file target-v4.pdb (PDB, C-alpha atoms, pLDDT in the B column)
ATOM      1  CA  MET A  13     -46.944  61.937 222.287  1.00 42.00           C
ATOM      2  CA  ASP A  14     -45.062  62.474 219.041  1.00 45.00           C
ATOM      3  CA  ARG A  15     -41.912  63.242 220.983  1.00 49.00           C
ATOM      4  CA  VAL A  16     -42.058  59.923 222.842  1.00 47.00           C
ATOM      5  CA  GLN A  17     -42.713  57.972 219.650  1.00 48.00           C
ATOM      6  CA  GLU A  18     -39.819  59.744 217.945  1.00 50.00           C
ATOM      7  CA  ALA A  19     -37.540  58.910 220.877  1.00 47.00           C
ATOM      8  CA  ASP A  20     -38.534  55.251 220.716  1.00 51.00           C
ATOM      9  CA  GLU A  21     -37.679  55.129 217.033  1.00 56.00           C
ATOM     10  CA  ASN A  22     -34.233  56.588 217.713  1.00 55.00           C
ATOM     11  CA  ASN A  23     -33.767  54.272 220.744  1.00 57.00           C
ATOM     12  CA  LYS A  24     -32.265  57.092 222.819  1.00 64.00           C
ATOM     13  CA  THR A  25     -34.906  57.163 225.522  1.00 70.00           C
ATOM     14  CA  SER A  26     -33.993  56.721 229.164  1.00 75.00           C
ATOM     15  CA  VAL A  27     -36.554  55.746 231.781  1.00 80.00           C
ATOM     16  CA  VAL A  28     -35.931  57.269 235.194  1.00 80.00           C
ATOM     17  CA  GLY A  29     -37.867  55.967 238.212  1.00 82.00           C
ATOM     18  CA  LEU A  30     -38.211  58.285 241.193  1.00 82.00           C
ATOM     19  CA  ALA A  31     -39.419  56.994 244.551  1.00 82.00           C
ATOM     20  CA  ILE A  32     -41.063  59.820 246.470  1.00 82.00           C
ATOM     21  CA  LYS A  33     -42.961  60.006 249.767  1.00 82.00           C
ATOM     22  CA  GLY A  34     -44.854  63.233 249.189  1.00 78.00           C
ATOM     23  CA  ASN A  35     -42.948  65.151 251.851  1.00 81.00           C
ATOM     24  CA  LYS A  36     -40.856  68.335 251.468  1.00 83.00           C
ATOM     25  CA  LYS A  37     -37.754  66.414 250.393  1.00 85.00           C
ATOM     26  CA  SER A  38     -39.608  64.894 247.434  1.00 83.00           C
ATOM     27  CA  LYS A  39     -39.530  68.269 245.708  1.00 84.00           C
ATOM     28  CA  TYR A  40     -35.732  68.277 245.900  1.00 87.00           C
ATOM     29  CA  VAL A  41     -35.529  64.697 244.599  1.00 84.00           C
ATOM     30  CA  VAL A  42     -37.601  65.599 241.541  1.00 84.00           C
ATOM     31  CA  GLN A  43     -35.591  68.786 240.944  1.00 86.00           C
ATOM     32  CA  TRP A  44     -32.304  66.860 241.220  1.00 85.00           C
ATOM     33  CA  ALA A  45     -33.497  64.244 238.732  1.00 82.00           C
ATOM     34  CA  LEU A  46     -34.633  66.893 236.267  1.00 82.00           C
ATOM     35  CA  ASP A  47     -31.295  68.711 236.540  1.00 84.00           C
ATOM     36  CA  LYS A  48     -29.338  65.464 236.223  1.00 81.00           C
ATOM     37  CA  PHE A  49     -31.135  63.627 233.430  1.00 78.00           C
ATOM     38  CA  VAL A  50     -33.048  66.074 231.215  1.00 76.00           C
ATOM     39  CA  HIS A  51     -29.976  67.717 229.701  1.00 70.00           C
ATOM     40  CA  GLU A  52     -28.636  64.302 228.649  1.00 63.00           C
ATOM     41  CA  GLY A  53     -31.480  63.791 226.178  1.00 67.00           C
ATOM     42  CA  ILE A  54     -35.057  62.687 226.101  1.00 63.00           C
ATOM     43  CA  SER A  55     -36.060  60.967 229.336  1.00 73.00           C
ATOM     44  CA  ILE A  56     -39.289  59.440 230.566  1.00 80.00           C
ATOM     45  CA  PHE A  57     -39.910  59.955 234.272  1.00 80.00           C
ATOM     46  CA  LYS A  58     -41.966  57.517 236.338  1.00 82.00           C
ATOM     47  CA  LEU A  59     -42.980  58.764 239.777  1.00 80.00           C
ATOM     48  CA  ILE A  60     -43.423  56.022 242.353  1.00 81.00           C
ATOM     49  CA  HIS A  61     -45.333  57.168 245.430  1.00 79.00           C
ATOM     50  CA  VAL A  62     -44.043  55.250 248.444  1.00 79.00           C
ATOM     51  CA  ARG A  63     -46.331  54.782 251.429  1.00 79.00           C
ATOM     52  CA  ALA A  64     -45.455  53.451 254.843  1.00 75.00           C
ATOM     53  CA  VAL A  65     -46.822  50.039 255.782  1.00 78.00           C
ATOM     54  CA  ILE A  66     -49.693  50.187 258.271  1.00 80.00           C
ATOM     55  CA  ASN A  67     -48.882  47.804 261.129  1.00 82.00           C
ATOM     56  CA  GLY A  68     -51.975  48.451 263.183  1.00 84.00           C
ATOM     57  CA  VAL A  69     -54.946  50.717 263.622  1.00 85.00           C
ATOM     58  CA  PRO A  70     -55.229  52.489 266.983  1.00 82.00           C
ATOM     59  CA  THR A  71     -58.551  52.121 268.771  1.00 83.00           C
ATOM     60  CA  PRO A  72     -60.002  54.743 271.117  1.00 75.00           C
TER
END

call {"tool": "encode", "arguments": {"input": "target-v4.pdb", "output": "structure tokens"}}
result
Amino acid sequence: MDRVQEADENNKTSVVGLAIKGNKKSKYVVQWALDKFVHEGISIFKLIHVRAVINGVPTP
């Protein structure tokens, strides 16, 4: 928590939003974002879990 507050005071914080589905490729998306943005400074990551829209419910 102190790290985030310190970053806000310095105004060097980046917020990165990642849209993930929860499948195998999501792991690679998160790894890519960590490799890309963490070395540039303090970043806050927001994970957005994307779900498919349900168009109908099958009946037996």

call {"tool": "resolve_selection", "arguments": {"input": "target-v4.pdb", "expression": "the PyMOL selection byres ((chain A and resi 26) around 6)", "output": "ChimeraX atom specification"}}
result
/A:25,27,55

call {"tool": "residues_near_point", "arguments": {"input": "target-v4.pdb", "point": "(-42.2, 57.4, 249.4)", "cutoff": "12 Å", "atoms": "all atoms listed in the file", "output": "PDB file with C-alpha atoms, in the frame of the given file"}}
result
ATOM      1  CA  LEU A  30     -38.211  58.285 241.193  1.00 82.00           C
ATOM      2  CA  ALA A  31     -39.419  56.994 244.551  1.00 82.00           C
ATOM      3  CA  ILE A  32     -41.063  59.820 246.470  1.00 82.00           C
ATOM      4  CA  LYS A  33     -42.961  60.006 249.767  1.00 82.00           C
ATOM      5  CA  GLY A  34     -44.854  63.233 249.189  1.00 78.00           C
ATOM      6  CA  ASN A  35     -42.948  65.151 251.851  1.00 81.00           C
ATOM      7  CA  LYS A  36     -40.856  68.335 251.468  1.00 83.00           C
ATOM      8  CA  LYS A  37     -37.754  66.414 250.393  1.00 85.00           C
ATOM      9  CA  SER A  38     -39.608  64.894 247.434  1.00 83.00           C
ATOM     10  CA  LYS A  39     -39.530  68.269 245.708  1.00 84.00           C
ATOM     11  CA  VAL A  41     -35.529  64.697 244.599  1.00 84.00           C
ATOM     12  CA  LEU A  59     -42.980  58.764 239.777  1.00 80.00           C
ATOM     13  CA  ILE A  60     -43.423  56.022 242.353  1.00 81.00           C
ATOM     14  CA  HIS A  61     -45.333  57.168 245.430  1.00 79.00           C
ATOM     15  CA  VAL A  62     -44.043  55.250 248.444  1.00 79.00           C
ATOM     16  CA  ARG A  63     -46.331  54.782 251.429  1.00 79.00           C
ATOM     17  CA  ALA A  64     -45.455  53.451 254.843  1.00 75.00           C
ATOM     18  CA  VAL A  65     -46.822  50.039 255.782  1.00 78.00           C
TER      19      VAL A  65
END

call {"tool": "atom_distance", "arguments": {"input": "target-v4.pdb", "atom1": "CA of Lys48 in chain A", "atom2": "CA of Val28 in chain A"}}
result
10.6 Å

call {"tool": "atom_distance", "arguments": {"input": "target-v4.pdb", "atom1": "CA of Phe57 in chain A", "atom2": "CA of Gln43 in chain A"}}
result
11.9 Å
